[in-house]
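K.L.:
Structure file work-v3.tsv (TSV, C-alpha atoms) right here:
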```tsv
chain	number	residue	atom	x	y	z
A	1	MET	CA	-3.40	12.51	-17.60
A	2	SER	CA	-0.76	13.51	-15.06
A	3	VAL	CA	-0.97	13.65	-11.27
A	4	ASP	CA	0.76	16.98	-10.69
A	5	ARG	CA	1.27	18.90	-7.46
A	6	ALA	CA	-2.12	20.59	-7.69
A	7	ALA	CA	-3.92	17.26	-8.07
A	8	ALA	CA	-1.90	15.79	-5.22
A	9	ARG	CA	-2.73	18.76	-2.99
A	10	SER	CA	-6.43	18.38	-3.72
A	11	ALA	CA	-6.35	14.67	-2.83
A	12	ALA	CA	-4.33	15.34	0.34
A	13	ARG	CA	-6.84	17.92	1.54
A	14	ARG	CA	-9.78	15.59	0.90
A	15	ALA	CA	-8.11	12.81	2.91
A	16	ALA	CA	-7.21	15.18	5.74
A	17	ALA	CA	-10.78	16.49	5.88
A	18	VAL	CA	-11.95	12.94	6.59
A	19	ALA	CA	-9.22	12.07	9.10
A	20	ASP	CA	-9.49	15.34	11.05
A	21	GLY	CA	-13.16	15.01	11.96
A	22	GLY	CA	-12.50	14.66	15.66
A	23	VAL	CA	-13.77	11.10	16.11
A	24	LYS	CA	-11.41	8.23	16.80
A	25	GLY	CA	-11.49	6.14	13.65
A	26	ASP	CA	-12.07	9.00	11.20
A	27	GLY	CA	-8.60	8.25	9.82
A	28	GLY	CA	-9.50	4.60	9.30
A	29	LEU	CA	-7.52	1.50	10.15
A	30	VAL	CA	-5.05	-0.60	8.16
A	31	LEU	CA	-4.52	-4.34	8.67
A	32	VAL	CA	-1.14	-5.43	7.27
A	33	ILE	CA	-0.92	-9.13	6.35
A	34	GLY	CA	2.47	-10.40	5.23
A	35	GLY	CA	6.01	-11.18	6.22
A	36	SER	CA	7.95	-14.42	6.55
A	37	ARG	CA	11.02	-15.75	8.27
A	38	ALA	CA	12.95	-14.78	5.15
A	39	TYR	CA	11.51	-11.24	5.02
A	40	THR	CA	10.56	-10.03	8.48
A	41	ALA	CA	10.81	-6.25	8.05
A	42	PRO	CA	8.45	-5.36	5.13
A	43	PRO	CA	5.08	-5.55	6.93
A	44	PHE	CA	6.37	-3.42	9.81
A	45	LEU	CA	7.83	-0.81	7.47
A	46	ALA	CA	4.53	-0.70	5.58
A	47	ALA	CA	2.62	-0.28	8.86
A	48	LEU	CA	4.72	2.72	9.89
A	49	ALA	CA	4.22	4.24	6.45
A	50	ALA	CA	0.45	3.95	6.85
A	51	ARG	CA	0.70	5.74	10.20
A	52	ARG	CA	2.59	8.58	8.50
A	53	THR	CA	-0.48	9.33	6.36
A	54	GLY	CA	-2.66	10.13	9.38
A	55	VAL	CA	-4.43	6.78	9.59
A	56	HIS	CA	-5.78	6.32	13.13
A	57	GLY	CA	-4.76	2.72	13.73
A	58	VAL	CA	-2.69	-0.16	12.38
A	59	ARG	CA	-2.77	-3.89	13.11
A	60	ILE	CA	-0.07	-6.25	11.83
A	61	ALA	CA	-0.40	-9.99	11.19
A	62	ALA	CA	3.15	-11.13	10.51
A	63	PRO	CA	5.83	-13.39	11.99
A	64	HIS	CA	7.54	-11.45	14.74
A	65	GLY	CA	11.12	-10.38	14.23
A	66	PRO	CA	13.40	-7.58	15.39
A	67	ALA	CA	11.31	-5.01	13.50
A	68	ALA	CA	8.29	-5.78	15.67
A	69	ALA	CA	9.92	-4.21	18.71
A	70	TYR	CA	10.62	-1.07	16.69
A	71	VAL	CA	6.99	-0.68	15.61
A	72	VAL	CA	5.03	-1.89	18.63
A	73	LEU	CA	4.46	1.61	20.05
A	74	GLU	CA	2.68	2.67	16.85
A	75	ALA	CA	0.78	-0.51	15.98
A	76	HIS	CA	-0.93	-3.50	17.55
A	77	LEU	CA	0.52	-6.91	16.73
A	78	ILE	CA	-1.77	-9.83	15.96
A	79	GLU	CA	-0.36	-13.00	17.47
A	80	VAL	CA	0.97	-15.48	14.92
A	81	PRO	CA	1.37	-18.93	16.49
A	82	GLY	CA	4.20	-20.22	14.32
A	83	PRO	CA	7.24	-19.00	12.40
A	84	GLU	CA	5.12	-18.30	9.30
A	85	LEU	CA	1.64	-16.95	8.66
A	86	ASP	CA	-0.99	-19.64	8.24
A	87	ALA	CA	-4.71	-20.02	7.56
A	88	ALA	CA	-5.56	-19.69	11.26
A	89	SER	CA	-3.88	-16.27	11.32
A	90	VAL	CA	-6.04	-15.17	8.40
A	91	HIS	CA	-9.22	-16.22	10.21
A	92	THR	CA	-8.10	-14.15	13.21
A	93	VAL	CA	-7.56	-11.15	10.94
A	94	ALA	CA	-10.97	-11.55	9.32
A	95	GLU	CA	-12.77	-11.73	12.66
A	96	LEU	CA	-10.88	-8.71	13.99
A	97	SER	CA	-11.57	-6.75	10.81
A	98	ALA	CA	-15.31	-7.38	11.09
A	99	ARG	CA	-15.36	-6.20	14.71
A	100	ILE	CA	-13.38	-3.07	13.92
A	101	GLY	CA	-15.59	-2.28	10.94
A	102	GLU	CA	-18.70	-2.60	13.08
A	103	ARG	CA	-17.14	-0.34	15.72
A	104	LEU	CA	-16.32	2.35	13.16
A	105	VAL	CA	-19.91	2.32	11.96
A	106	SER	CA	-21.37	2.41	15.48
A	107	ASP	CA	-19.09	5.31	16.45
A	108	GLY	CA	-20.01	7.25	13.32
A	109	ALA	CA	-16.36	7.33	12.24
A	110	ARG	CA	-15.67	8.39	8.67
A	111	GLY	CA	-12.69	6.11	8.03
A	112	ARG	CA	-12.72	2.56	6.78
A	113	VAL	CA	-10.83	-0.68	7.26
A	114	VAL	CA	-8.22	-1.55	4.63
A	115	TRP	CA	-6.34	-4.84	4.30
A	116	LEU	CA	-2.81	-4.57	2.94
A	117	VAL	CA	-1.76	-7.99	1.65
A	118	GLY	CA	1.69	-8.98	0.49
A	119	PRO	CA	4.66	-7.14	2.02
A	120	GLY	CA	7.26	-9.86	2.64
A	121	LEU	CA	4.79	-12.71	2.09
A	122	GLY	CA	6.59	-13.95	-1.03
A	123	GLY	CA	9.34	-15.44	1.12
A	124	SER	CA	6.98	-17.76	2.98
A	125	PRO	CA	6.64	-21.45	2.05
A	126	GLN	CA	3.03	-21.14	3.22
A	127	ALA	CA	2.16	-18.15	1.04
A	128	GLY	CA	-0.25	-20.20	-1.08
A	129	GLU	CA	-2.11	-21.43	1.98
A	130	VAL	CA	-2.38	-17.89	3.33
A	131	LEU	CA	-3.66	-16.50	0.04
A	132	ASP	CA	-6.23	-19.29	-0.31
A	133	ALA	CA	-7.46	-18.53	3.21
A	134	LEU	CA	-7.68	-14.84	2.32
A	135	VAL	CA	-9.79	-15.65	-0.74
A	136	ASP	CA	-12.14	-17.73	1.42
A	137	ALA	CA	-12.42	-14.92	3.95
A	138	ARG	CA	-13.18	-12.39	1.23
A	139	ARG	CA	-15.92	-14.57	-0.23
A	140	GLN	CA	-17.74	-14.18	3.07
A	141	ASP	CA	-17.06	-10.49	3.71
A	142	ARG	CA	-15.74	-7.77	1.41
A	143	SER	CA	-16.67	-4.81	3.57
A	144	ALA	CA	-12.99	-3.87	3.97
A	145	ALA	CA	-11.03	-2.40	1.07
A	146	LEU	CA	-7.96	-4.39	-0.01
A	147	VAL	CA	-4.54	-3.47	-1.39
A	148	VAL	CA	-2.25	-6.08	-2.96
A	149	ASP	CA	1.47	-5.36	-2.88
A	150	GLY	CA	3.21	-7.51	-5.50
A	151	SER	CA	2.31	-9.97	-8.24
A	152	LEU	CA	1.34	-12.90	-5.95
A	153	GLY	CA	3.57	-15.13	-8.06
A	154	GLY	CA	2.52	-13.86	-11.48
A	155	GLY	CA	0.69	-15.52	-14.34
A	156	PRO	CA	-3.00	-16.38	-14.88
A	157	ALA	CA	-3.41	-18.00	-11.45
A	158	ALA	CA	-2.29	-14.81	-9.72
A	159	ARG	CA	-4.64	-12.70	-11.84
A	160	ARG	CA	-7.55	-14.95	-10.87
A	161	ARG	CA	-6.53	-14.74	-7.23
A	162	ILE	CA	-6.42	-10.93	-7.28
A	163	ARG	CA	-9.91	-10.85	-8.75
A	164	ALA	CA	-11.15	-13.36	-6.17
A	165	LEU	CA	-9.73	-11.19	-3.40
A	166	GLY	CA	-11.73	-8.23	-4.69
A	167	ALA	CA	-8.64	-6.04	-4.65
A	168	ASP	CA	-9.19	-2.30	-4.91
A	169	LEU	CA	-5.55	-1.52	-5.68
A	170	VAL	CA	-2.56	-3.53	-6.93
A	171	LEU	CA	0.99	-2.13	-6.62
A	172	LEU	CA	3.72	-3.55	-8.85
A	173	ASN	CA	7.32	-2.80	-9.67
A	174	ARG	CA	8.32	-3.27	-13.31
A	175	HIS	CA	9.51	-6.86	-12.77
A	176	GLU	CA	6.25	-7.79	-11.01
A	177	ALA	CA	4.16	-6.06	-13.66
A	178	ARG	CA	5.78	-8.04	-16.47
A	179	ALA	CA	5.28	-11.26	-14.53
A	180	LEU	CA	1.59	-10.53	-14.02
A	181	LEU	CA	0.61	-8.95	-17.34
A	182	PRO	CA	-1.26	-11.12	-19.84
A	183	GLY	CA	1.30	-12.27	-22.39
A	184	GLY	CA	4.01	-10.69	-20.27
A	185	ARG	CA	7.59	-10.72	-21.51
A	186	PRO	CA	10.56	-11.81	-19.39
A	187	PRO	CA	12.06	-9.02	-17.27
A	188	GLY	CA	14.78	-6.90	-18.76
A	189	ARG	CA	16.29	-3.51	-18.12
A	190	ASP	CA	15.45	-2.02	-21.49
A	191	LEU	CA	11.94	-3.40	-22.04
A	192	ALA	CA	9.27	-0.70	-22.12
A	193	LEU	CA	6.11	-1.16	-20.10
A	194	ASP	CA	3.09	-2.16	-22.20
A	195	THR	CA	0.50	0.28	-20.94
A	196	SER	CA	-2.31	-1.27	-22.98
A	197	ALA	CA	-1.57	-4.63	-21.32
A	198	LEU	CA	-1.57	-2.85	-17.95
A	199	ALA	CA	-5.06	-1.51	-18.69
A	200	ALA	CA	-6.16	-5.02	-19.69
A	201	LEU	CA	-4.85	-6.30	-16.36
A	202	ALA	CA	-6.92	-3.70	-14.51
A	203	ARG	CA	-10.04	-4.74	-16.43
A	204	GLU	CA	-9.42	-8.45	-15.82
A	205	THR	CA	-8.77	-8.10	-12.10
A	206	GLY	CA	-11.24	-5.29	-11.40
A	207	ALA	CA	-8.52	-3.39	-9.54
A	208	VAL	CA	-6.72	-0.10	-10.05
A	209	VAL	CA	-3.18	-1.10	-11.06
A	210	VAL	CA	0.05	0.82	-10.40
A	211	ALA	CA	3.31	0.07	-12.21
A	212	LYS	CA	6.14	1.82	-10.38
A	213	GLY	CA	9.25	3.19	-12.09
A	214	ASP	CA	10.98	6.44	-13.03
A	215	VAL	CA	7.48	7.35	-14.19
A	216	ASP	CA	4.65	5.68	-12.26
A	217	TRP	CA	1.69	4.49	-14.31
A	218	ILE	CA	-1.80	4.13	-12.82
A	219	THR	CA	-4.83	2.72	-14.64
A	220	ASP	CA	-8.35	1.61	-13.83
A	221	GLY	CA	-8.68	-0.09	-17.21
A	222	ALA	CA	-10.44	2.85	-18.87
A	223	ARG	CA	-8.25	5.79	-17.84
A	224	ALA	CA	-4.54	6.17	-17.21
A	225	TRP	CA	-2.50	8.59	-15.13
A	226	GLN	CA	1.22	9.35	-14.95
A	227	VAL	CA	3.10	10.47	-11.86
A	228	LEU	CA	6.35	12.17	-12.78
A	229	ALA	CA	7.62	12.72	-9.24
A	230	GLY	CA	9.73	9.56	-9.08
A	231	HIS	CA	13.47	9.25	-8.53
A	232	PRO	CA	15.90	6.49	-9.65
A	233	GLY	CA	17.12	6.14	-6.06
A	234	LEU	CA	13.74	4.66	-5.11
A	235	ALA	CA	14.71	1.41	-6.87
A	236	ARG	CA	15.89	-0.26	-3.66
A	237	HIS	CA	14.59	-2.66	-1.02
A	238	GLY	CA	11.91	-1.27	1.27
A	239	THR	CA	10.64	1.62	-0.79
A	240	GLY	CA	7.80	-0.44	-2.25
A	241	ASP	CA	6.70	-1.38	1.27
A	242	VAL	CA	6.56	2.30	2.17
A	243	LEU	CA	4.50	3.06	-0.94
A	244	ALA	CA	2.11	0.22	-0.13
A	245	GLY	CA	1.59	1.48	3.42
A	246	VAL	CA	1.03	5.04	2.25
A	247	ALA	CA	-1.51	3.95	-0.37
A	248	ALA	CA	-3.38	1.78	2.15
A	249	GLY	CA	-3.45	4.62	4.69
A	250	LEU	CA	-4.91	7.05	2.16
A	251	LEU	CA	-7.50	4.49	1.05
A	252	ALA	CA	-8.51	4.14	4.71
A	253	GLN	CA	-9.23	7.89	4.69
A	254	ARG	CA	-11.83	7.31	1.96
A	255	LEU	CA	-9.86	8.46	-1.06
A	256	PRO	CA	-10.94	6.56	-4.19
A	257	ALA	CA	-8.33	4.02	-5.29
A	258	PRO	CA	-6.98	6.06	-8.26
A	259	ASP	CA	-6.58	9.15	-6.04
A	260	ALA	CA	-4.97	7.16	-3.21
A	261	ALA	CA	-2.53	5.62	-5.69
A	262	GLY	CA	-1.71	8.93	-7.34
A	263	LEU	CA	-1.15	10.77	-4.07
A	264	ALA	CA	0.92	7.88	-2.66
A	265	CYS	CA	3.18	7.83	-5.72
A	266	HIS	CA	3.54	11.61	-5.59
A	267	LEU	CA	4.44	11.61	-1.89
A	268	VAL	CA	6.99	8.80	-2.12
A	269	GLY	CA	8.52	10.22	-5.29
A	270	THR	CA	8.79	13.68	-3.75
A	271	ALA	CA	10.28	12.19	-0.59
A	272	GLY	CA	12.85	10.23	-2.59
A	273	THR	CA	13.91	13.33	-4.49
A	274	ALA	CA	14.27	15.31	-1.26
A	275	LEU	CA	16.37	12.58	0.38
A	276	ALA	CA	18.63	12.34	-2.65
A	277	ALA	CA	19.22	16.09	-2.51
A	278	GLU	CA	19.95	16.03	1.22
A	279	ALA	CA	21.95	12.78	1.58
A	280	GLY	CA	22.98	11.74	-1.90
A	281	PRO	CA	22.61	8.02	-2.53
A	282	CYS	CA	23.22	7.07	1.11
A	283	TRP	CA	19.73	7.33	2.58
A	284	LEU	CA	17.86	4.38	4.08
A	285	SER	CA	14.38	3.18	3.21
A	286	GLN	CA	13.23	4.00	6.75
A	287	ASP	CA	14.26	7.60	6.07
A	288	LEU	CA	11.36	7.75	3.64
A	289	LEU	CA	8.91	7.64	6.55
A	290	GLY	CA	9.79	11.10	7.82
A	291	ALA	CA	10.28	12.46	4.31
A	292	VAL	CA	6.79	11.28	3.28
A	293	ALA	CA	5.30	13.01	6.32
A	294	THR	CA	7.10	16.23	5.37
A	295	ALA	CA	5.88	15.99	1.77
A	296	LEU	CA	2.30	15.51	2.97
A	297	ARG	CA	2.60	18.42	5.41
A	298	ASP	CA	3.86	20.65	2.60
A	299	LEU	CA	0.81	19.81	0.50
A	300	LEU	CA	-1.47	20.71	3.40
A	301	THR	CA	0.07	24.10	4.21
A	302	PRO	CA	-2.14	27.04	3.16
A	303	THR	CA	0.30	28.24	0.51
A	304	GLY	CA	1.46	24.77	-0.55
A	305	ALA	CA	5.03	26.03	-0.19
A	306	PRO	CA	7.52	23.63	1.38
A	307	GLN	CA	8.46	24.46	4.96
A	308	ARG	CA	11.79	23.36	6.39
A	309	PRO	CA	12.84	23.39	10.05
A	310	ALA	CA	14.95	26.38	11.03
```
Can the structure from this file be put into structure tokens for me?
P.N.:
Amino acid sequence: MSVDRAAARSAARRAAAVADGGVKGDGGLVLVIGGSRAYTAPPFLAALAARRTGVHGVRIAAPHGPAAAYVVLEAHLIEVPGPELDAASVHTVAELSARIGERLVSDGARGRVVWLVGPGLGGSPQAGEVLDALVDARRQDRSAALVVDGSLGGGPAARRRIRALGADLVLLNRHEARALLPGGRPPGRDLALDTSALAALARETGAVVVAKGDVDWITDGARAWQVLAGHPGLARHGTGDVLAGVAAGLLAQRLPAPDAAGLACHLVGTAGTALAAEAGPCWLSQDLLGAVATALRDLLTPTGAPQRPA
């Protein structure tokens, strides 16, 4: 099956109908957990991407860097005591998540809390400690949905960890997919993606899995979808963080995981194509934020026809 423009428009309208209910929290809230001294920007870029979907709030647990000052007006920062995330930071996130979830319920808000785990975390020497703490937190409370961005190191241990986290959605580039797939082959430019292995991964982990590329593949283990809206120029640093934030934001607006993944891939692919047409190969990953918002607006216009500023 393919996620075409009509399917994307339908998903966008369903998400907007939830977020536009008039109650603070209808658009849900995203908690971004990631970053490291080596990779400070990814969690903040992902947070801004979530905001571009119409999500009503974002919290970020990440080591502070220059990007924090850029994002602080659009997100609340969770204090991290050291230069890297640690188990104590995860416990703070879990407690905050529970309080926010209870508040959404008491206010009658339609949105939900979503944890986005992974942007920039791979550069941290304490990543294992953080992930173990996340697993412990999820054993006690899985009321929030959870998105994993990346392979968490790959191999059987990472697959077990994704299942233990109770992930709803896992986002992978081709290199990460091959590292995580059962019996995965070493990365290479010309190796085709094994879609049957991708479906097996979804069944093993219990998550909807996305493998990004010129064609994005999405599977829940029983069904598979293609998104043809990609662009080769999206194969650069930062674009995966934007996709992760967009997917998490749409999940917070109560879209089912396959629909959130399909719409996110469509929006980012459409945005990448538009930027390539306007700027050639010289656009920046942060430019995707505005382009994603435009792509979403175009889907929500009554005619569905793109509208450009005069």
K.L.:
Using only C-alpha atoms, pick whichever of A:Gly22, A:Gly123, A:Gly233, A:Gly166 has the shortest atom-to-atom distance to A:Ala137.
P.N.:
A:Gly166
K.L.:
So that I can check the surroundings of stretch 270-284 of chain A, please list as a list in words every protein, DNA and RNA residue that reaches within 7 Å of it, counting all atoms listed in the file and ignoring chain neighbours fewer than 5 positions away.
P.N.:
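Returned residues: Ala229, Gly230, His231, Gly233, Leu234, Ala291, Val292 and Ala295 of chain A.
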K.L.:
Which residues are near A:Arg103? Cut-off 12 Å, all atoms listed in the file, ignore same chain within fewer than 3 positions. Put them as an MDAnalysis selection string.
P.N.:
chainID A and resid 23:26 28:29 96:100 106:113
K.L.:
I'd like to know which of A:Glu84, A:Glu74, A:Glu176, A:Asp220 is closest to A:Asp259, using all atoms listed in the file.
P.N.:
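Ranking A:Glu84, A:Glu74, A:Glu176, A:Asp220 by distance to A:Asp259, first place goes to A:Asp220.
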K.L.:
If we draw a sphere of 12 Å around (1.8, 19.9, 3.2), which residues have at least one atom in it when counting all atoms listed in the file? Please report them as an mmCIF file with C-alpha atoms, in the frame of the given file.
P.N.:
```cif
data_model
loop_
_atom_site.group_PDB
_atom_site.id
_atom_site.type_symbol
_atom_site.label_atom_id
_atom_site.label_comp_id
_atom_site.auth_asym_id
_atom_site.auth_seq_id
_atom_site.Cartn_x
_atom_site.Cartn_y
_atom_site.Cartn_z
ATOM 1 C CA ARG A 5 1.270 18.900 -7.460
ATOM 2 C CA ALA A 6 -2.120 20.590 -7.690
ATOM 3 C CA ALA A 8 -1.900 15.790 -5.220
ATOM 4 C CA ARG A 9 -2.730 18.760 -2.990
ATOM 5 C CA SER A 10 -6.430 18.380 -3.720
ATOM 6 C CA ALA A 11 -6.350 14.670 -2.830
ATOM 7 C CA ALA A 12 -4.330 15.340 0.340
ATOM 8 C CA ARG A 13 -6.840 17.920 1.540
ATOM 9 C CA ALA A 16 -7.210 15.180 5.740
ATOM 10 C CA THR A 53 -0.480 9.330 6.360
ATOM 11 C CA LEU A 267 4.440 11.610 -1.890
ATOM 12 C CA THR A 270 8.790 13.680 -3.750
ATOM 13 C CA ALA A 291 10.280 12.460 4.310
ATOM 14 C CA VAL A 292 6.790 11.280 3.280
ATOM 15 C CA ALA A 293 5.300 13.010 6.320
ATOM 16 C CA THR A 294 7.100 16.230 5.370
ATOM 17 C CA ALA A 295 5.880 15.990 1.770
ATOM 18 C CA LEU A 296 2.300 15.510 2.970
ATOM 19 C CA ARG A 297 2.600 18.420 5.410
ATOM 20 C CA ASP A 298 3.860 20.650 2.600
ATOM 21 C CA LEU A 299 0.810 19.810 0.500
ATOM 22 C CA LEU A 300 -1.470 20.710 3.400
ATOM 23 C CA THR A 301 0.070 24.100 4.210
ATOM 24 C CA PRO A 302 -2.140 27.040 3.160
ATOM 25 C CA THR A 303 0.300 28.240 0.510
ATOM 26 C CA GLY A 304 1.460 24.770 -0.550
ATOM 27 C CA ALA A 305 5.030 26.030 -0.190
ATOM 28 C CA PRO A 306 7.520 23.630 1.380
ATOM 29 C CA GLN A 307 8.460 24.460 4.960
ATOM 30 C CA ARG A 308 11.790 23.360 6.390
#
```
K.L.:
Counting only C-alpha atoms, which of A:Ala87, A:Asp132, A:Ala177, A:Gly118 gets nearest to A:Arg161?
P.N.:
A:Asp132
K.L.:
Pick the closest to A:Leu228 from A:Leu85, A:Leu181, A:Leu146, A:Met1: which is it, counting only C-alpha atoms?
P.N.:
A:Met1
K.L.:
Suppose you want the space between atom CA of A:Glu102 and atom CA of A:His56; what is it in Å?
P.N.:
15.7 Å
K.L.:
Tell me which protein, DNA and RNA residues are within 10 Å of A:Gln140, counting only C-alpha atoms, leaving out same-chain ones fewer than 4 positions away, and put them as a VMD selection string.
P.N.:
chain A and resid 94 135 to 136
K.L.:
To one decimal place in Å, what is the distance between atom CA of A:Arg138 and atom CA of A:Arg52?
P.N.:
27.2 Å
K.L.:
Report, in Å with one decimal, the straight-line distance from atom CA of A:Leu104 to atom CA of A:Val148.
P.N.:
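Pair atom CA of A:Leu104 / atom CA of A:Val148 returns 23.0 Å.
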K.L.:
Hey, which of A:Ala157, A:Ala145, A:Leu116, A:Ala49 ends up closest to A:Leu255? Count all atoms listed in the file.
P.N.:
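The answer is A:Ala145, which sits nearest to A:Leu255.
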K.L.:
Taking into account all atoms listed in the file, which residue in the set A:Ala47, A:Val90, A:Leu201, A:Ala41 is nearest to A:Gly65?
P.N.:
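Closest to A:Gly65, using all atoms listed in the file: A:Ala41.
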K.L.:
Can you list, as an NGL selection string, every protein, DNA or RNA residue that comes within 8 Å of A:Gly150 when you count only C-alpha atoms, leaving out same-chain residues fewer than 5 positions away?
P.N.:
:A and (118-119 or 170-173 or 176)
